[in-house]
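Reviewing the structure listed below.
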Amino acid sequence: MKDIAIYGGGGFGREVACLIHKINEKNSQWNILGFFDDGIKKGTRNEYGEILGGMEELNAYAQELSLAIGIGSPHIVHQVRERITNSKIDFPNIISPDIVYLDEANMRIGKGNIISFGCILSCNVSIGDFNILNWNISIGHDVVIEDFNAFMPSVKISGEVTIGKRNFFGVNSVVLQQLFIGNDTVIGANSLILRKTKDGMTYIGNPAKIINY
């Protein structure tokens, strides 16, 4: 078994620990050492392990270590990754054993992705690095997803959609076919995207419209 830790000791980090335990039930491969988190005191324990320290301790860690970034915000995941300088750290994909691939041979995936329970990936799907697919995500055919995106439970991405970087998709949101989602977009819960979005904007509603705060 290989040592792994989770960066982020909050709710989603603990869900990642649950996912790793489910993976181990099928194929024992991970030894969870605990969590790293700059916002929780070192030595604090939750039901899945101990806080081992923050970024300083992680960058000073002397042994080979796999790391999952268990944070739901795409921008914070990006920031955390930029701050990790320890060459002994690697970033495996953490993928639920119940994932459904319609054509695994034509699936391309990078590193550091977390794909949770009940996800379905269609044919000719390309996923970059450090994306979060929470529960029950469906990804249509010929979809391209770049890096640092977060998909909350029950998001549906239709076929031939292209998604850039650091986008957040709220619970039950839907993107229709052949659309382009660029960078730094927020799509609210239960929102329906009917046309190409503008970078850095927040979309809410059915059909979704830009909301200015």
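Residue numbering restarts at 1 for every chain of the structure tokens, chains are lettered A, B, ... in their displayed order, and ligands are numbered from 1 as they appear.
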Strand (DSSP E) positions in range 3-203 of chain A, given as a PyMOL selection string:
chain A and resi 3-7+30-36+45-46+49-53+65-69+89-90+94-95+100-101+108-109+114-115+120-121+126-127+132-133+138-139+144-145+150-151+156-157+162-163+168-169+174-175+180-181+186-187+192-193+202-203
With a distance cut-off of 8 Å and only C-alpha atoms, select the neighbouring residues of Leu58 in chain A, excluding the residue or stretch itself and same-chain residues fewer than 5 positions from it, and output the selection as a PyMOL selection string.
chain A and resi 36+53+84+86
Note to self: Env of range 122-136 of chain A: 6 Å cut, atoms = only C-alpha atoms, seq-sep filter 4 positions within chain, self excluded. Answer as a PyMOL selection string.
What the structure shows: chain A and resi 102-103+106-118+140-154
Exercise for the section: Could you tell me how far CA of Ile157 in chain A lies from CA of Gly205 in chain A, in Å and to one decimal? Expected result: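 Between CA of Ile157 in chain A and CA of Gly205 in chain A the gap is 16.3 Å.
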Of A:Gly49, A:Asn31, A:Lys165, A:Ser138, the one sitting nearest Gly13 in chain A when using only C-alpha atoms is A:Gly49
